[in-house]
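> What follows is the file protein.pdb, containing PDB, C-alpha atoms and all ligand atoms:
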ATOM      1  CA  MET A  20      86.109  44.750 145.091
ATOM      2  CA  HIS A  21      89.327  46.019 143.615
ATOM      3  CA  VAL A  22      89.395  46.727 139.900
ATOM      4  CA  GLU A  23      92.656  47.671 138.327
ATOM      5  CA  CYS A  24      92.942  49.538 135.153
ATOM      6  CA  GLU A  25      94.744  47.505 132.581
ATOM      7  CA  HIS A  26      97.260  50.282 131.743
ATOM      8  CA  ALA A  27      97.473  52.131 135.082
ATOM      9  CA  ASP A  28     100.911  50.948 136.129
ATOM     10  CA  VAL A  29     102.357  50.441 132.702
ATOM     11  CA  ALA A  30     105.349  52.775 132.314
ATOM     12  CA  PRO A  31     105.879  54.305 128.887
ATOM     13  CA  ASP A  32     108.556  52.448 127.056
ATOM     14  CA  ALA A  33     111.713  54.043 125.672
ATOM     15  CA  ALA A  34     110.264  54.454 122.164
ATOM     16  CA  GLU A  35     107.191  56.254 123.539
ATOM     17  CA  LEU A  36     109.372  58.587 125.634
ATOM     18  CA  SER A  37     111.615  59.327 122.725
ATOM     19  CA  ARG A  38     108.586  60.111 120.506
ATOM     20  CA  ARG A  39     107.159  62.446 123.160
ATOM     21  CA  ARG A  40     110.482  64.222 123.530
ATOM     22  CA  PHE A  41     110.714  64.609 119.763
ATOM     23  CA  PHE A  42     107.228  66.162 119.549
ATOM     24  CA  GLU A  43     107.969  68.482 122.479
ATOM     25  CA  ARG A  44     111.128  69.756 120.837
ATOM     26  CA  PHE A  45     109.458  69.941 117.444
ATOM     27  CA  THR A  46     106.605  72.030 118.918
ATOM     28  CA  ILE A  47     109.071  74.379 120.656
ATOM     29  CA  ALA A  48     111.103  74.751 117.452
ATOM     30  CA  VAL A  49     108.009  75.503 115.307
ATOM     31  CA  GLY A  50     106.772  77.973 117.940
ATOM     32  CA  GLY A  51     110.163  79.664 117.930
ATOM     33  CA  VAL A  52     110.204  79.983 114.149
ATOM     34  CA  ILE A  53     106.651  81.423 114.066
ATOM     35  CA  GLY A  54     107.496  83.791 116.924
ATOM     36  CA  ALA A  55     110.582  85.012 115.050
ATOM     37  CA  MET A  56     108.604  85.451 111.806
ATOM     38  CA  VAL A  57     106.018  87.580 113.576
ATOM     39  CA  GLY A  58     108.248  89.373 116.064
ATOM     40  CA  LEU A  59     111.332  90.345 114.057
ATOM     41  CA  PRO A  60     109.573  92.584 111.509
ATOM     42  CA  VAL A  61     107.723  94.329 114.358
ATOM     43  CA  ILE A  62     110.976  94.889 116.270
ATOM     44  CA  GLY A  63     112.658  96.068 113.053
ATOM     45  CA  PHE A  64     109.821  98.517 112.360
ATOM     46  CA  VAL A  65     110.007  99.955 115.891
ATOM     47  CA  LEU A  66     113.794 100.239 115.952
ATOM     48  CA  ALA A  67     114.372 101.349 112.348
ATOM     49  CA  PRO A  68     114.041 105.097 113.031
ATOM     50  CA  LEU A  69     116.587 104.804 115.869
ATOM     51  CA  VAL A  70     119.058 102.716 113.915
ATOM     52  CA  ARG A  71     118.675 104.580 110.624
ATOM     53  CA  PRO A  72     117.107 108.014 111.154
ATOM     54  CA  ALA A  73     115.349 109.312 108.047
ATOM     55  CA  ARG A  74     117.108 112.369 106.639
ATOM     56  CA  PRO A  75     115.374 114.864 104.392
ATOM     57  CA  VAL A  76     116.024 114.087 100.729
ATOM     58  CA  TRP A  77     115.441 116.247  97.625
ATOM     59  CA  ARG A  78     113.117 114.469  95.168
ATOM     60  CA  GLN A  79     112.399 115.547  91.595
ATOM     61  CA  VAL A  80     108.692 115.833  90.891
ATOM     62  CA  GLY A  81     108.703 117.135  87.316
ATOM     63  CA  PRO A  82     109.832 119.887  84.940
ATOM     64  CA  VAL A  83     108.852 123.445  85.865
ATOM     65  CA  GLU A  84     106.852 123.945  82.658
ATOM     66  CA  SER A  85     104.573 121.007  83.448
ATOM     67  CA  PHE A  86     103.015 122.978  86.321
ATOM     68  CA  PRO A  87     100.515 125.688  85.295
ATOM     69  CA  LEU A  88     100.774 128.962  87.176
ATOM     70  CA  GLY A  89      98.348 129.095  90.108
ATOM     71  CA  ALA A  90      97.265 125.441  89.898
ATOM     72  CA  THR A  91      97.488 123.139  92.919
ATOM     73  CA  VAL A  92      98.417 119.645  91.780
ATOM     74  CA  LYS A  93      99.301 116.405  93.475
ATOM     75  CA  VAL A  94     102.845 115.122  92.984
ATOM     76  CA  GLU A  95     104.047 111.684  94.058
ATOM     77  CA  PHE A  96     107.475 110.603  95.219
ATOM     78  CA  SER A  97     109.205 108.013  97.388
ATOM     79  CA  ASP A  98     109.436 108.295 101.132
ATOM     80  CA  PRO A  99     112.846 109.663 102.222
ATOM     81  CA  SER A 100     113.955 106.371 103.739
ATOM     82  CA  PRO A 101     111.986 103.483 102.296
ATOM     83  CA  LEU A 102     112.727 100.148 103.876
ATOM     84  CA  PRO A 103     113.603  97.360 101.436
ATOM     85  CA  TRP A 104     110.266  95.621 102.025
ATOM     86  CA  SER A 105     108.101  98.792 101.984
ATOM     87  CA  GLY A 106     106.819  98.215  98.450
ATOM     88  CA  ILE A 107     103.984 100.516  97.440
ATOM     89  CA  THR A 108     103.792 101.948 100.964
ATOM     90  CA  ALA A 109     107.066 103.812 100.310
ATOM     91  CA  LYS A 110     105.131 106.112  97.957
ATOM     92  CA  THR A 111     103.898 109.383  99.333
ATOM     93  CA  ALA A 112     102.681 112.667  97.872
ATOM     94  CA  ALA A 113     102.385 116.411  98.324
ATOM     95  CA  TRP A 114     100.201 119.231  96.987
ATOM     96  CA  LEU A 115     102.313 121.538  94.845
ATOM     97  CA  ARG A 116     101.317 125.020  93.712
ATOM     98  CA  ARG A 117     103.233 127.164  91.242
ATOM     99  CA  VAL A 118     103.077 130.776  92.433
ATOM    100  CA  GLY A 119     105.668 132.372  90.146
ATOM    101  CA  LYS A 120     108.041 131.694  87.276
ATOM    102  CA  ASP A 121     110.317 129.559  89.464
ATOM    103  CA  GLU A 122     108.404 129.765  92.721
ATOM    104  CA  PHE A 123     106.436 126.930  94.277
ATOM    105  CA  ILE A 124     104.719 126.036  97.550
ATOM    106  CA  ALA A 125     104.412 122.385  98.626
ATOM    107  CA  PHE A 126     102.003 121.206 101.289
ATOM    108  CA  SER A 127     102.122 117.855 103.024
ATOM    109  CA  ILE A 128      99.301 115.599 101.921
ATOM    110  CA  ASN A 129      98.886 114.373 105.497
ATOM    111  CA  CYS A 130      96.317 115.994 107.740
ATOM    112  CA  ARG A 131      97.782 117.410 110.946
ATOM    113  CA  HIS A 132      95.086 115.696 113.011
ATOM    114  CA  LEU A 133      95.709 111.974 112.454
ATOM    115  CA  GLY A 134      97.512 111.887 109.130
ATOM    116  CA  CYS A 135      94.752 111.080 106.629
ATOM    117  CA  PRO A 136      95.519 112.275 103.085
ATOM    118  CA  VAL A 137      93.850 115.618 102.380
ATOM    119  CA  ARG A 138      92.359 116.446  98.986
ATOM    120  CA  TRP A 139      92.435 119.783  97.165
ATOM    121  CA  VAL A 140      88.983 121.015  96.148
ATOM    122  CA  ASP A 141      89.657 123.631  93.510
ATOM    123  CA  GLY A 142      86.124 125.040  93.401
ATOM    124  CA  ALA A 143      86.099 125.749  97.137
ATOM    125  CA  LYS A 144      89.824 126.600  97.334
ATOM    126  CA  LEU A 145      90.096 124.309 100.341
ATOM    127  CA  PHE A 146      92.048 121.231 101.364
ATOM    128  CA  MET A 147      89.529 118.745 102.751
ATOM    129  CA  CYS A 148      90.246 115.795 105.020
ATOM    130  CA  PRO A 149      87.890 112.825 104.543
ATOM    131  CA  CYS A 150      88.449 111.332 107.992
ATOM    132  CA  HIS A 151      86.975 113.751 110.530
ATOM    133  CA  GLY A 152      85.898 116.746 108.482
ATOM    134  CA  GLY A 153      89.069 118.806 108.830
ATOM    135  CA  ALA A 154      89.434 121.644 106.323
ATOM    136  CA  TYR A 155      92.320 123.958 105.460
ATOM    137  CA  TYR A 156      92.405 127.224 103.550
ATOM    138  CA  GLU A 157      94.432 127.724 100.401
ATOM    139  CA  ASP A 158      97.490 128.766 102.425
ATOM    140  CA  GLY A 159      97.291 125.607 104.551
ATOM    141  CA  SER A 160      95.897 127.272 107.674
ATOM    142  CA  VAL A 161      93.067 125.514 109.502
ATOM    143  CA  ALA A 162      89.564 126.430 108.313
ATOM    144  CA  ALA A 163      87.485 123.930 110.298
ATOM    145  CA  GLY A 164      87.464 120.673 112.215
ATOM    146  CA  PRO A 165      89.917 119.026 114.587
ATOM    147  CA  PRO A 166      93.335 119.752 112.988
ATOM    148  CA  PRO A 167      95.339 121.649 115.617
ATOM    149  CA  GLU A 168      97.889 123.129 113.206
ATOM    150  CA  PRO A 169      98.206 124.252 109.584
ATOM    151  CA  LEU A 170      99.263 121.766 106.935
ATOM    152  CA  ALA A 171     103.001 121.173 107.044
ATOM    153  CA  ARG A 172     105.032 122.567 104.152
ATOM    154  CA  TYR A 173     108.004 121.160 102.320
ATOM    155  CA  SER A 174     110.878 123.232 100.984
ATOM    156  CA  VAL A 175     110.876 123.484  97.178
ATOM    157  CA  ARG A 176     113.657 124.440  94.759
ATOM    158  CA  VAL A 177     114.199 124.457  91.010
ATOM    159  CA  THR A 178     117.358 122.797  89.727
ATOM    160  CA  GLY A 179     118.124 122.437  86.037
ATOM    161  CA  GLY A 180     114.511 123.138  85.107
ATOM    162  CA  GLN A 181     113.247 120.429  87.471
ATOM    163  CA  VAL A 182     111.108 121.069  90.534
ATOM    164  CA  GLU A 183     112.463 119.350  93.627
ATOM    165  CA  ILE A 184     110.802 118.835  96.985
ATOM    166  CA  LYS A 185     112.760 118.305 100.165
ATOM    167  CA  THR A 186     110.948 115.335 101.593
ATOM    168  CA  SER A 187     110.996 114.261 105.204
ATOM    169  CA  PRO A 188     109.204 111.714 107.409
ATOM    170  CA  ILE A 189     105.445 112.311 107.583
ATOM    171  CA  PRO A 190     105.088 115.606 109.459
ATOM    172  CA  LEU A 191     102.362 114.640 111.898
ATOM    173  CA  THR A 192     101.393 116.802 114.820
ATOM    174  CA  THR A 193     103.260 116.137 118.041
ATOM    175  CA  PHE A 194     100.676 116.278 120.777
ATOM    176  CA  LYS A 195     101.834 118.164 123.838
ATOM    177  CA  SER A 196     100.387 117.551 127.289
TER     178      SER A 196
HETATM  179  S1  LIG B   1      92.696 113.032 110.225
HETATM  180 FE1  LIG B   1      92.065 114.833 109.229
HETATM  181  S2  LIG B   1      90.492 115.619 110.456
HETATM  182 FE2  LIG B   1      91.161 113.822 111.479
END
Please express the file's structure as structure tokens.

Amino acid sequence: MHVECEHADVAPDAAELSRRRFFERFTIAVGGVIGAMVGLPVIGFVLAPLVRPARPVWRQVGPVESFPLGATVKVEFSDPSPLPWSGITAKTAAWLRRVGKDEFIAFSINCRHLGCPVRWVDGAKLFMCPCHGGAYYEDGSVAAGPPPEPLARYSVRVTGGQVEIKTSPIPLTTFKS
């Protein structure tokens, strides 16, 4: 016995085809827009250093007299080349120590292992990294843990009574094979 499906040989009419085509194109267009929204910022982030290399920039961090002699204090400033959409992430910091009337030392706040922000522990006279137990002596040299190099230093100068730090991209360790 032969049973035929009621709709088996019914061809889609022109309206149905046109609706399908519309939804196909609509789906492709929406996918394209979402892909662009996700992909373009990623591509921009990857290519930004090539297109617009970050140059070191002098940043004021405060008047000389606001820094007590011998104290190691945290100073904050903007990244040397913040992107327009960086927001709060454009902020970075350094550890600044006044060692003379107009003499300062500035250490990067980023650990040389994987970049976590180190903290100055005045009682122990050590910079401590919270991520993997790295520790640095007062002069930035490695005291313990995985950091392969001393803390990076920034150049410091005094201009018109203001302390300025020559900032640069985060000075992470370059691993050599
Ligand atoms: S990031 Fe500082 S010890 Fe690993």
> Please identify every polymer residue within 10 Å of ligand LIG 1 (chain B), using all atoms listed in the file, and present the set as a PyMOL selection string.
chain A and resi 129-137+147-155+163-167+191
> So which residues touch region 174-189 of chain A within 12 Å, counting all atoms listed in the file, skipping near sequence neighbours fewer than 2 positions away, as an mmCIF file with C-alpha atoms, in the coordinates of the input?

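Done, and the output landed in selection36.cif:
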data_model
loop_
_atom_site.group_PDB
_atom_site.id
_atom_site.type_symbol
_atom_site.label_atom_id
_atom_site.label_comp_id
_atom_site.auth_asym_id
_atom_site.auth_seq_id
_atom_site.Cartn_x
_atom_site.Cartn_y
_atom_site.Cartn_z
ATOM 1 C CA PRO A 68 114.041 105.097 113.031
ATOM 2 C CA PRO A 72 117.107 108.014 111.154
ATOM 3 C CA ALA A 73 115.349 109.312 108.047
ATOM 4 C CA ARG A 74 117.108 112.369 106.639
ATOM 5 C CA PRO A 75 115.374 114.864 104.392
ATOM 6 C CA VAL A 76 116.024 114.087 100.729
ATOM 7 C CA TRP A 77 115.441 116.247 97.625
ATOM 8 C CA ARG A 78 113.117 114.469 95.168
ATOM 9 C CA GLN A 79 112.399 115.547 91.595
ATOM 10 C CA VAL A 80 108.692 115.833 90.891
ATOM 11 C CA GLY A 81 108.703 117.135 87.316
ATOM 12 C CA PRO A 82 109.832 119.887 84.940
ATOM 13 C CA VAL A 83 108.852 123.445 85.865
ATOM 14 C CA GLU A 84 106.852 123.945 82.658
ATOM 15 C CA SER A 85 104.573 121.007 83.448
ATOM 16 C CA PHE A 86 103.015 122.978 86.321
ATOM 17 C CA VAL A 94 102.845 115.122 92.984
ATOM 18 C CA GLU A 95 104.047 111.684 94.058
ATOM 19 C CA PHE A 96 107.475 110.603 95.219
ATOM 20 C CA SER A 97 109.205 108.013 97.388
ATOM 21 C CA ASP A 98 109.436 108.295 101.132
ATOM 22 C CA PRO A 99 112.846 109.663 102.222
ATOM 23 C CA SER A 100 113.955 106.371 103.739
ATOM 24 C CA PRO A 101 111.986 103.483 102.296
ATOM 25 C CA ALA A 109 107.066 103.812 100.310
ATOM 26 C CA LYS A 110 105.131 106.112 97.957
ATOM 27 C CA THR A 111 103.898 109.383 99.333
ATOM 28 C CA ALA A 112 102.681 112.667 97.872
ATOM 29 C CA ALA A 113 102.385 116.411 98.324
ATOM 30 C CA TRP A 114 100.201 119.231 96.987
ATOM 31 C CA LEU A 115 102.313 121.538 94.845
ATOM 32 C CA ARG A 116 101.317 125.020 93.712
ATOM 33 C CA ARG A 117 103.233 127.164 91.242
ATOM 34 C CA VAL A 118 103.077 130.776 92.433
ATOM 35 C CA GLY A 119 105.668 132.372 90.146
ATOM 36 C CA LYS A 120 108.041 131.694 87.276
ATOM 37 C CA ASP A 121 110.317 129.559 89.464
ATOM 38 C CA GLU A 122 108.404 129.765 92.721
ATOM 39 C CA PHE A 123 106.436 126.930 94.277
ATOM 40 C CA ILE A 124 104.719 126.036 97.550
ATOM 41 C CA ALA A 125 104.412 122.385 98.626
ATOM 42 C CA PHE A 126 102.003 121.206 101.289
ATOM 43 C CA SER A 127 102.122 117.855 103.024
ATOM 44 C CA ILE A 128 99.301 115.599 101.921
ATOM 45 C CA ASN A 129 98.886 114.373 105.497
ATOM 46 C CA CYS A 130 96.317 115.994 107.740
ATOM 47 C CA ARG A 131 97.782 117.410 110.946
ATOM 48 C CA LEU A 133 95.709 111.974 112.454
ATOM 49 C CA GLY A 134 97.512 111.887 109.130
ATOM 50 C CA CYS A 135 94.752 111.080 106.629
ATOM 51 C CA PRO A 136 95.519 112.275 103.085
ATOM 52 C CA LEU A 170 99.263 121.766 106.935
ATOM 53 C CA ALA A 171 103.001 121.173 107.044
ATOM 54 C CA ARG A 172 105.032 122.567 104.152
ATOM 55 C CA LEU A 191 102.362 114.640 111.898
ATOM 56 C CA THR A 192 101.393 116.802 114.820
ATOM 57 C CA THR A 193 103.260 116.137 118.041
#
> Separation of CA of Trp139 (chain A) and CA of Thr91 (chain A), in Å?
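Interatomic distance here is 7.4 Å.
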> Just add N, CA, C and O atoms to region 153-172 of chain A and send it as a tab-separated table (two decimals), keeping the file's coordinate frame.

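Heads up, here's the output in selection.tsv:
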chain	number	residue	atom	x	y	z
A	153	GLY	N	88.11	117.69	108.76
A	153	GLY	CA	89.07	118.81	108.83
A	153	GLY	C	89.13	119.53	107.49
A	153	GLY	O	88.99	118.93	106.43
A	154	ALA	N	89.32	120.85	107.55
A	154	ALA	CA	89.43	121.64	106.32
A	154	ALA	C	90.52	122.68	106.51
A	154	ALA	O	90.73	123.20	107.63
A	155	TYR	N	91.23	122.98	105.43
A	155	TYR	CA	92.32	123.96	105.46
A	155	TYR	C	92.11	124.95	104.33
A	155	TYR	O	91.69	124.58	103.23
A	156	TYR	N	92.47	126.21	104.60
A	156	TYR	CA	92.40	127.22	103.55
A	156	TYR	C	93.52	126.98	102.54
A	156	TYR	O	94.43	126.16	102.74
A	157	GLU	N	93.47	127.80	101.51
A	157	GLU	CA	94.43	127.72	100.40
A	157	GLU	C	95.89	127.82	100.87
A	157	GLU	O	96.79	127.22	100.29
A	158	ASP	N	96.12	128.60	101.93
A	158	ASP	CA	97.49	128.77	102.42
A	158	ASP	C	97.87	127.70	103.44
A	158	ASP	O	98.94	127.76	104.05
A	159	GLY	N	97.00	126.71	103.64
A	159	GLY	CA	97.29	125.61	104.55
A	159	GLY	C	96.84	125.84	105.97
A	159	GLY	O	96.92	124.92	106.80
A	160	SER	N	96.36	127.04	106.30
A	160	SER	CA	95.90	127.27	107.67
A	160	SER	C	94.55	126.57	107.90
A	160	SER	O	93.82	126.29	106.95
A	161	VAL	N	94.26	126.30	109.17
A	161	VAL	CA	93.07	125.51	109.50
A	161	VAL	C	91.81	126.34	109.28
A	161	VAL	O	91.70	127.47	109.76
A	162	ALA	N	90.84	125.77	108.56
A	162	ALA	CA	89.56	126.43	108.31
A	162	ALA	C	88.47	125.87	109.21
A	162	ALA	O	87.58	126.59	109.65
A	163	ALA	N	88.53	124.56	109.49
A	163	ALA	CA	87.48	123.93	110.30
A	163	ALA	C	87.93	122.55	110.74
A	163	ALA	O	88.86	121.97	110.17
A	164	GLY	N	87.22	122.04	111.77
A	164	GLY	CA	87.46	120.67	112.22
A	164	GLY	C	88.58	120.54	113.23
A	164	GLY	O	89.08	121.53	113.76
A	165	PRO	N	88.98	119.29	113.48
A	165	PRO	CA	89.92	119.03	114.59
A	165	PRO	C	91.40	119.30	114.34
A	165	PRO	O	92.16	119.27	115.30
A	166	PRO	N	91.88	119.56	113.12
A	166	PRO	CA	93.34	119.75	112.99
A	166	PRO	C	93.83	120.88	113.88
A	166	PRO	O	93.30	122.00	113.84
A	167	PRO	N	94.85	120.63	114.69
A	167	PRO	CA	95.34	121.65	115.62
A	167	PRO	C	96.35	122.61	115.01
A	167	PRO	O	96.68	123.62	115.61
A	168	GLU	N	96.84	122.29	113.82
A	168	GLU	CA	97.89	123.13	113.21
A	168	GLU	C	97.68	123.20	111.71
A	168	GLU	O	97.05	122.32	111.11
A	169	PRO	N	98.28	124.19	111.05
A	169	PRO	CA	98.21	124.25	109.58
A	169	PRO	C	98.89	123.05	108.94
A	169	PRO	O	99.72	122.39	109.57
A	170	LEU	N	98.57	122.82	107.69
A	170	LEU	CA	99.26	121.77	106.94
A	170	LEU	C	100.76	122.05	106.94
A	170	LEU	O	101.18	123.20	106.82
A	171	ALA	N	101.55	121.00	107.09
A	171	ALA	CA	103.00	121.17	107.04
A	171	ALA	C	103.42	121.50	105.60
A	171	ALA	O	102.75	121.10	104.65
A	172	ARG	N	104.51	122.23	105.49
A	172	ARG	CA	105.03	122.57	104.15
A	172	ARG	C	106.39	121.92	103.95
A	172	ARG	O	107.15	121.74	104.90
